[in-house]
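The structure appears right after this line, and notes come after that.
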Amino acid sequence: MDIKNRAGVILRAVAGDTLREADLYGADLRGADLRGADLRGADLYGANLSAADLYRADLYGADGIIGAGYPDGWTAYGWQRDGRLSIRIGCREKRLDEARKYWADKPDRREVLAAVEYVAAVAAIRGWQL
């Protein structure tokens, strides 16, 4: 199975016909089109997920990523990029302090801010650098 970006360029080849329990440790998945992917149990620790599209991907039990649902209809998740927490909600990717500041004064994005805080809390529990 090949993981491609939106332009169809292969970013990584994976053995088998599913990404379930795939070893994607440290993979460069920038811009990967992973919409609807079965990533249950996959190892995404250290993977670069910048601009990756994980809309409706199944992240249950995946390592190295924190799924935060669909606040205000946007896909939300957090992961470690360059040793620090990154958060992606919809098309916005921010570090924790940037995310809090960006969504703090937007009353129509209270769900998004709650997702940011959820990701931060779980990252802290896991011992990730915020």
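Ligands are numbered from 1 in the order shown, chains are lettered A, B, ... in the order of the structure tokens, and residues start at 1 in each chain.
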Hey, which bits of segment 44-87 of chain A sit within 7 Å of segment 112-125 of chain A, and for each residue what's the closest pair of atoms and how far apart in Å (one decimal), counting only C-alpha atoms, rows by chain and increasing number, as a Markdown table?
| residue | atom | partner | partner_atom | distance |
| --- | --- | --- | --- | --- |
| A:Ile66 | CA | A:Val119 | CA | 6.4 |
| A:Ala68 | CA | A:Ala115 | CA | 5.8 |
| A:Pro71 | CA | A:Val112 | CA | 5.2 |
| A:Asp72 | CA | A:Val112 | CA | 6.6 |
| A:Gly78 | CA | A:Val119 | CA | 6.0 |
Surrounding residues of segment 40-48 of chain A excluding itself and chain neighbours under 3 positions, 10 Å, only C-alpha atoms, as JSON, numbers by chain: {"A": [18, 19, 20, 21, 22, 23, 24, 25, 26, 27, 28, 29, 30, 31, 32, 37, 51, 52, 57, 58, 59, 60, 61, 62, 63, 64, 65, 79, 80, 81, 82, 83]}
- Residues within 10 Å of Gly8 of chain A, only C-alpha atoms, excluding chain neighbours under 5 positions, as a ChimeraX atom specification: /A:2-3,32-33
Could you turn the residues from that selection into a file that holds N, CA, C and O atoms, as a tab-separated table (two decimals), in the first residue's frame?
chain	number	residue	atom	x	y	z
A	2	ASP	N	0.51	2.21	-0.79
A	2	ASP	CA	1.28	3.45	-0.87
A	2	ASP	C	0.53	4.58	-0.18
A	2	ASP	O	-0.68	4.72	-0.33
A	3	ILE	N	1.27	5.39	0.57
A	3	ILE	CA	0.71	6.60	1.16
A	3	ILE	C	1.10	7.74	0.24
A	3	ILE	O	2.29	7.95	-0.04
A	32	ALA	N	0.23	14.18	3.57
A	32	ALA	CA	-0.32	12.87	3.20
A	32	ALA	C	-1.84	12.90	3.18
A	32	ALA	O	-2.48	13.53	4.01
A	33	ASP	N	-2.41	12.23	2.21
A	33	ASP	CA	-3.87	12.10	2.11
A	33	ASP	C	-4.25	10.81	2.82
A	33	ASP	O	-4.19	9.73	2.25
Report as CSV the residues of segment 3-86 of chain A within 8 Å of segment 95-107 of chain A, each with its shortest atom pair and distance in Å (one decimal), using only C-alpha atoms, ordered by chain and increasing residue number.
residue,atom,partner,partner_atom,distance
A:Arg84,CA,A:Arg95,CA,7.8
A:Leu85,CA,A:Arg95,CA,6.2
A:Ser86,CA,A:Arg95,CA,4.7
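The two atoms in question, atom CA of Trp74 of chain A and atom CA of Lys4 of chain A, are spaced 21.6 Å apart.
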From atom CA of Trp128 of chain A to atom CA of Gly73 of chain A the spacing works out at 26.4 Å
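Atom CA of Leu130 of chain A is found 26.6 Å from atom CA of Arg35 of chain A.
Secondary structure by DSSP on the backbone puts the following residues of segment 6-82 of chain A in strand (DSSP E): Ile10, Leu11, Arg12, Ala13, Ile65, Ile66, Gly67, Ala76, Tyr77, Gly78, Trp79, Gln80 and Arg81 of chain A.
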For the residues in the current selection, export N, CA and C atoms as a tab-separated table (two decimals), in the first residue's frame.
chain	number	residue	atom	x	y	z
A	10	ILE	N	3.98	9.50	-4.09
A	10	ILE	CA	4.12	8.49	-3.04
A	10	ILE	C	5.09	9.00	-1.97
A	11	LEU	N	4.60	9.05	-0.72
A	11	LEU	CA	5.42	9.49	0.40
A	11	LEU	C	6.06	8.31	1.12
A	12	ARG	N	5.34	7.18	1.14
A	12	ARG	CA	5.85	6.00	1.86
A	12	ARG	C	5.09	4.77	1.39
A	13	ALA	N	5.79	3.70	1.18
A	13	ALA	CA	5.17	2.42	0.84
A	13	ALA	C	5.09	1.59	2.12
A	65	ILE	N	0.00	9.93	18.55
A	65	ILE	CA	-0.98	10.92	18.08
A	65	ILE	C	-2.14	10.96	19.08
A	66	ILE	N	-2.74	12.12	19.20
A	66	ILE	CA	-3.89	12.29	20.08
A	66	ILE	C	-5.05	12.78	19.21
A	67	GLY	N	-6.03	11.93	19.01
A	67	GLY	CA	-7.22	12.33	18.27
A	67	GLY	C	-8.15	13.12	19.18
A	76	ALA	N	-9.49	17.21	14.36
A	76	ALA	CA	-8.55	17.75	15.35
A	76	ALA	C	-7.65	16.65	15.90
A	77	TYR	N	-6.36	16.93	15.94
A	77	TYR	CA	-5.41	15.98	16.51
A	77	TYR	C	-4.13	16.70	16.92
A	78	GLY	N	-3.39	16.05	17.78
A	78	GLY	CA	-2.10	16.57	18.21
A	78	GLY	C	-1.04	15.50	18.07
A	79	TRP	N	0.20	15.90	17.88
A	79	TRP	CA	1.33	15.00	17.76
A	79	TRP	C	2.59	15.77	18.10
A	80	GLN	N	3.69	15.07	18.25
A	80	GLN	CA	4.95	15.73	18.54
A	80	GLN	C	5.69	16.01	17.25
A	81	ARG	N	6.02	17.27	17.05
A	81	ARG	CA	6.82	17.68	15.89
A	81	ARG	C	8.06	18.35	16.42
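Among A:Gly127, A:Leu39, A:Leu34, A:Asp53, the residue with the shortest atom-to-atom distance to Arg88 of chain A, counting only C-alpha atoms, is A:Asp53.
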